[in-house]
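Take a look at the structure below.
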Amino acid sequence: MASSENLSHRGLASNCFNKVWDYLDKSSLSEQEIDEMVHVAHASFWHWTQVEDHTPQNLSIGTWQLSRVYAVAGLPERAEHFSNRCIDVSEAGDLPPFFVGYAYETAARAKALMGDANGAKGLVAKGQALAEQVDAEEDRKALLDDLRSIS
C-alpha cells in the first residue's frame, strides 16, 4: 500500500509536470514566466525522484521536460546537460523507442540552439530511426513532427 507521502509526491510531480505544459504551450513567455517554468520543471522532477516506485520512464520524461524547458528558456548548455541525462537514463532503462527517440529529439534541439547544425542533424537522424520503430501511429507522428521542427 502506498504511503500518503508517496501519494503526495506523485500528485505534486504530476501537477507540476502539467503546469510546465501550460508554459510550453504559450507562444511567448515573459522573463518571469520563464523563471517560473524552470522552477516548476525542477520541482516536478524532484518530486518524481521522491516517489518510492519511480521508474526509468518517469526519469526519462522528467529529464526530457527539463531539457525542453531550458531550450525554450534559451539556455542551450543546460538543455544539452539534461538531454544527455535523458539519453543515458532512457538507454540504461531499456525504454521503448518512443522514449529514446524523444531523448535524441531534445539533444538535437539543444545542438541546434548551440549553432551545431551538423550535430543536430545527426541526432535528428537517430531520433527518426527510432521513430520508425514506434508502433503507435499517433506517437510516431508526434515524434517525427517534433524532430521536423528542429532547425
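Naming scheme: A, B, ... for chains in displayed order of the C-alpha cells; residues 1 onward per chain; ligands 1 onward as shown.
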What lies within 12 Å of range 3-13 of chain A using only C-alpha atoms, ignoring chain neighbours under 3 positions off, as a list of chain:residue names?
A:Cys16, A:Phe17, A:Asn18, A:Lys19, A:Val20, A:Val40, A:Ala41, A:His42, A:Ala43, A:Ser44, A:Phe45, A:Trp46, A:His47, A:Trp48, A:Thr49, A:Gln50, A:Val51, A:Glu52, A:Asp53, A:His54, A:Asn58, A:Leu59, A:Ile61, A:Gly62
Taking the DSSP assignment computed from this structure's backbone, write out as a PDB file with C-alpha atoms, in the first residue's frame all residues of range 72-113 of chain A that belong to alpha helix (DSSP H).
```
ATOM      1  CA  VAL A  72      12.609  27.341 -24.571  1.00  0.00           C
ATOM      2  CA  PRO A  76      21.222  25.533 -24.684  1.00  0.00           C
ATOM      3  CA  GLU A  77      24.040  24.318 -22.413  1.00  0.00           C
ATOM      4  CA  ARG A  78      21.531  23.387 -19.692  1.00  0.00           C
ATOM      5  CA  ALA A  79      19.250  21.897 -22.348  1.00  0.00           C
ATOM      6  CA  GLU A  80      22.169  19.763 -23.535  1.00  0.00           C
ATOM      7  CA  HIS A  81      23.015  18.707 -19.975  1.00  0.00           C
ATOM      8  CA  PHE A  82      19.513  17.362 -19.366  1.00  0.00           C
ATOM      9  CA  SER A  83      19.218  15.873 -22.861  1.00  0.00           C
ATOM     10  CA  ASN A  84      22.378  13.859 -22.188  1.00  0.00           C
ATOM     11  CA  ARG A  85      20.919  12.665 -18.898  1.00  0.00           C
ATOM     12  CA  CYS A  86      17.703  11.789 -20.736  1.00  0.00           C
ATOM     13  CA  ILE A  87      19.608   9.690 -23.283  1.00  0.00           C
ATOM     14  CA  ASP A  88      21.544   7.946 -20.518  1.00  0.00           C
ATOM     15  CA  VAL A  89      18.508   7.058 -18.397  1.00  0.00           C
ATOM     16  CA  SER A  90      16.428   6.073 -21.441  1.00  0.00           C
ATOM     17  CA  GLU A  91      19.073   3.749 -22.862  1.00  0.00           C
ATOM     18  CA  ALA A  92      20.126   2.327 -19.476  1.00  0.00           C
ATOM     19  CA  PRO A  97      11.921   3.538 -28.951  1.00  0.00           C
ATOM     20  CA  PHE A  98       9.394   6.338 -28.348  1.00  0.00           C
ATOM     21  CA  PHE A  99      11.192   7.498 -25.187  1.00  0.00           C
ATOM     22  CA  VAL A 100      14.699   7.003 -26.544  1.00  0.00           C
ATOM     23  CA  GLY A 101      13.659   8.823 -29.730  1.00  0.00           C
ATOM     24  CA  TYR A 102      12.474  11.784 -27.676  1.00  0.00           C
ATOM     25  CA  ALA A 103      15.771  11.752 -25.786  1.00  0.00           C
ATOM     26  CA  TYR A 104      17.531  12.247 -29.126  1.00  0.00           C
ATOM     27  CA  GLU A 105      14.929  14.844 -30.153  1.00  0.00           C
ATOM     28  CA  THR A 106      15.769  17.027 -27.184  1.00  0.00           C
ATOM     29  CA  ALA A 107      19.510  16.513 -27.708  1.00  0.00           C
ATOM     30  CA  ALA A 108      19.113  17.620 -31.330  1.00  0.00           C
ATOM     31  CA  ARG A 109      17.159  20.688 -30.208  1.00  0.00           C
ATOM     32  CA  ALA A 110      19.954  21.641 -27.800  1.00  0.00           C
ATOM     33  CA  LYS A 111      22.628  21.203 -30.515  1.00  0.00           C
ATOM     34  CA  ALA A 112      20.595  23.338 -32.929  1.00  0.00           C
ATOM     35  CA  LEU A 113      20.303  26.097 -30.317  1.00  0.00           C
TER      36      LEU A 113
END
```
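Here CA of Gly93 in chain A and CA of Pro56 in chain A stand 5.4 Å from one another.
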For range 140-142 of chain A, list every protein, DNA or RNA residue within 10 Å, evaluated using only C-alpha atoms, and leave out those in the same chain fewer than 4 positions away; present the list as a VMD selection string.
chain A and resid 97 to 98 101 to 102 128 130 to 136 146 to 148
Keeping N, CA and C atoms, export the residues of the selection given above as a tab-separated table (two decimals), in the first residue's frame.
```tsv
chain	number	residue	atom	x	y	z
A	97	PRO	N	11.39	2.56	-27.99
A	97	PRO	CA	11.92	3.54	-28.95
A	97	PRO	C	11.30	4.93	-28.85
A	98	PHE	N	10.05	5.03	-28.47
A	98	PHE	CA	9.39	6.34	-28.35
A	98	PHE	C	10.16	7.23	-27.38
A	101	GLY	N	13.75	7.88	-28.61
A	101	GLY	CA	13.66	8.82	-29.73
A	101	GLY	C	13.48	10.25	-29.24
A	102	TYR	N	12.65	10.44	-28.23
A	102	TYR	CA	12.47	11.78	-27.68
A	102	TYR	C	13.72	12.26	-26.94
A	128	GLN	N	14.79	9.90	-35.79
A	128	GLN	CA	13.92	9.42	-36.86
A	128	GLN	C	13.98	7.91	-36.99
A	130	LEU	N	14.59	5.80	-34.64
A	130	LEU	CA	13.84	5.26	-33.51
A	130	LEU	C	12.34	5.45	-33.71
A	131	ALA	N	11.95	6.58	-34.28
A	131	ALA	CA	10.53	6.84	-34.52
A	131	ALA	C	9.93	5.77	-35.43
A	132	GLU	N	10.70	5.30	-36.38
A	132	GLU	CA	10.20	4.26	-37.29
A	132	GLU	C	9.92	2.95	-36.56
A	133	GLN	N	10.46	2.78	-35.36
A	133	GLN	CA	10.23	1.58	-34.56
A	133	GLN	C	9.04	1.72	-33.61
A	134	VAL	N	8.43	2.91	-33.59
A	134	VAL	CA	7.29	3.16	-32.70
A	134	VAL	C	6.04	2.61	-33.35
A	135	ASP	N	5.37	1.69	-32.67
A	135	ASP	CA	4.19	1.04	-33.24
A	135	ASP	C	2.96	1.94	-33.29
A	136	ALA	N	2.73	2.72	-32.25
A	136	ALA	CA	1.54	3.57	-32.19
A	136	ALA	C	1.69	4.73	-33.16
A	146	ASP	N	7.95	16.61	-34.09
A	146	ASP	CA	8.86	17.36	-33.23
A	146	ASP	C	10.28	17.35	-33.80
A	147	LEU	N	10.70	16.25	-34.36
A	147	LEU	CA	12.03	16.20	-34.99
A	147	LEU	C	12.10	17.13	-36.18
A	148	ARG	N	11.02	17.21	-36.96
A	148	ARG	CA	11.00	18.09	-38.13
A	148	ARG	C	10.99	19.58	-37.73
```
So the first atom is CA of Leu24 in chain A and the second is CA of Gly122 in chain A; what is the distance between them in Å, to one decimal place?
25.3 Å
If you measure from CA of Ser151 in chain A to CA of Gln32 in chain A, what distance in Å do you get, rounded to one decimal?
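That distance, rounded to one decimal, is 26.3 Å.
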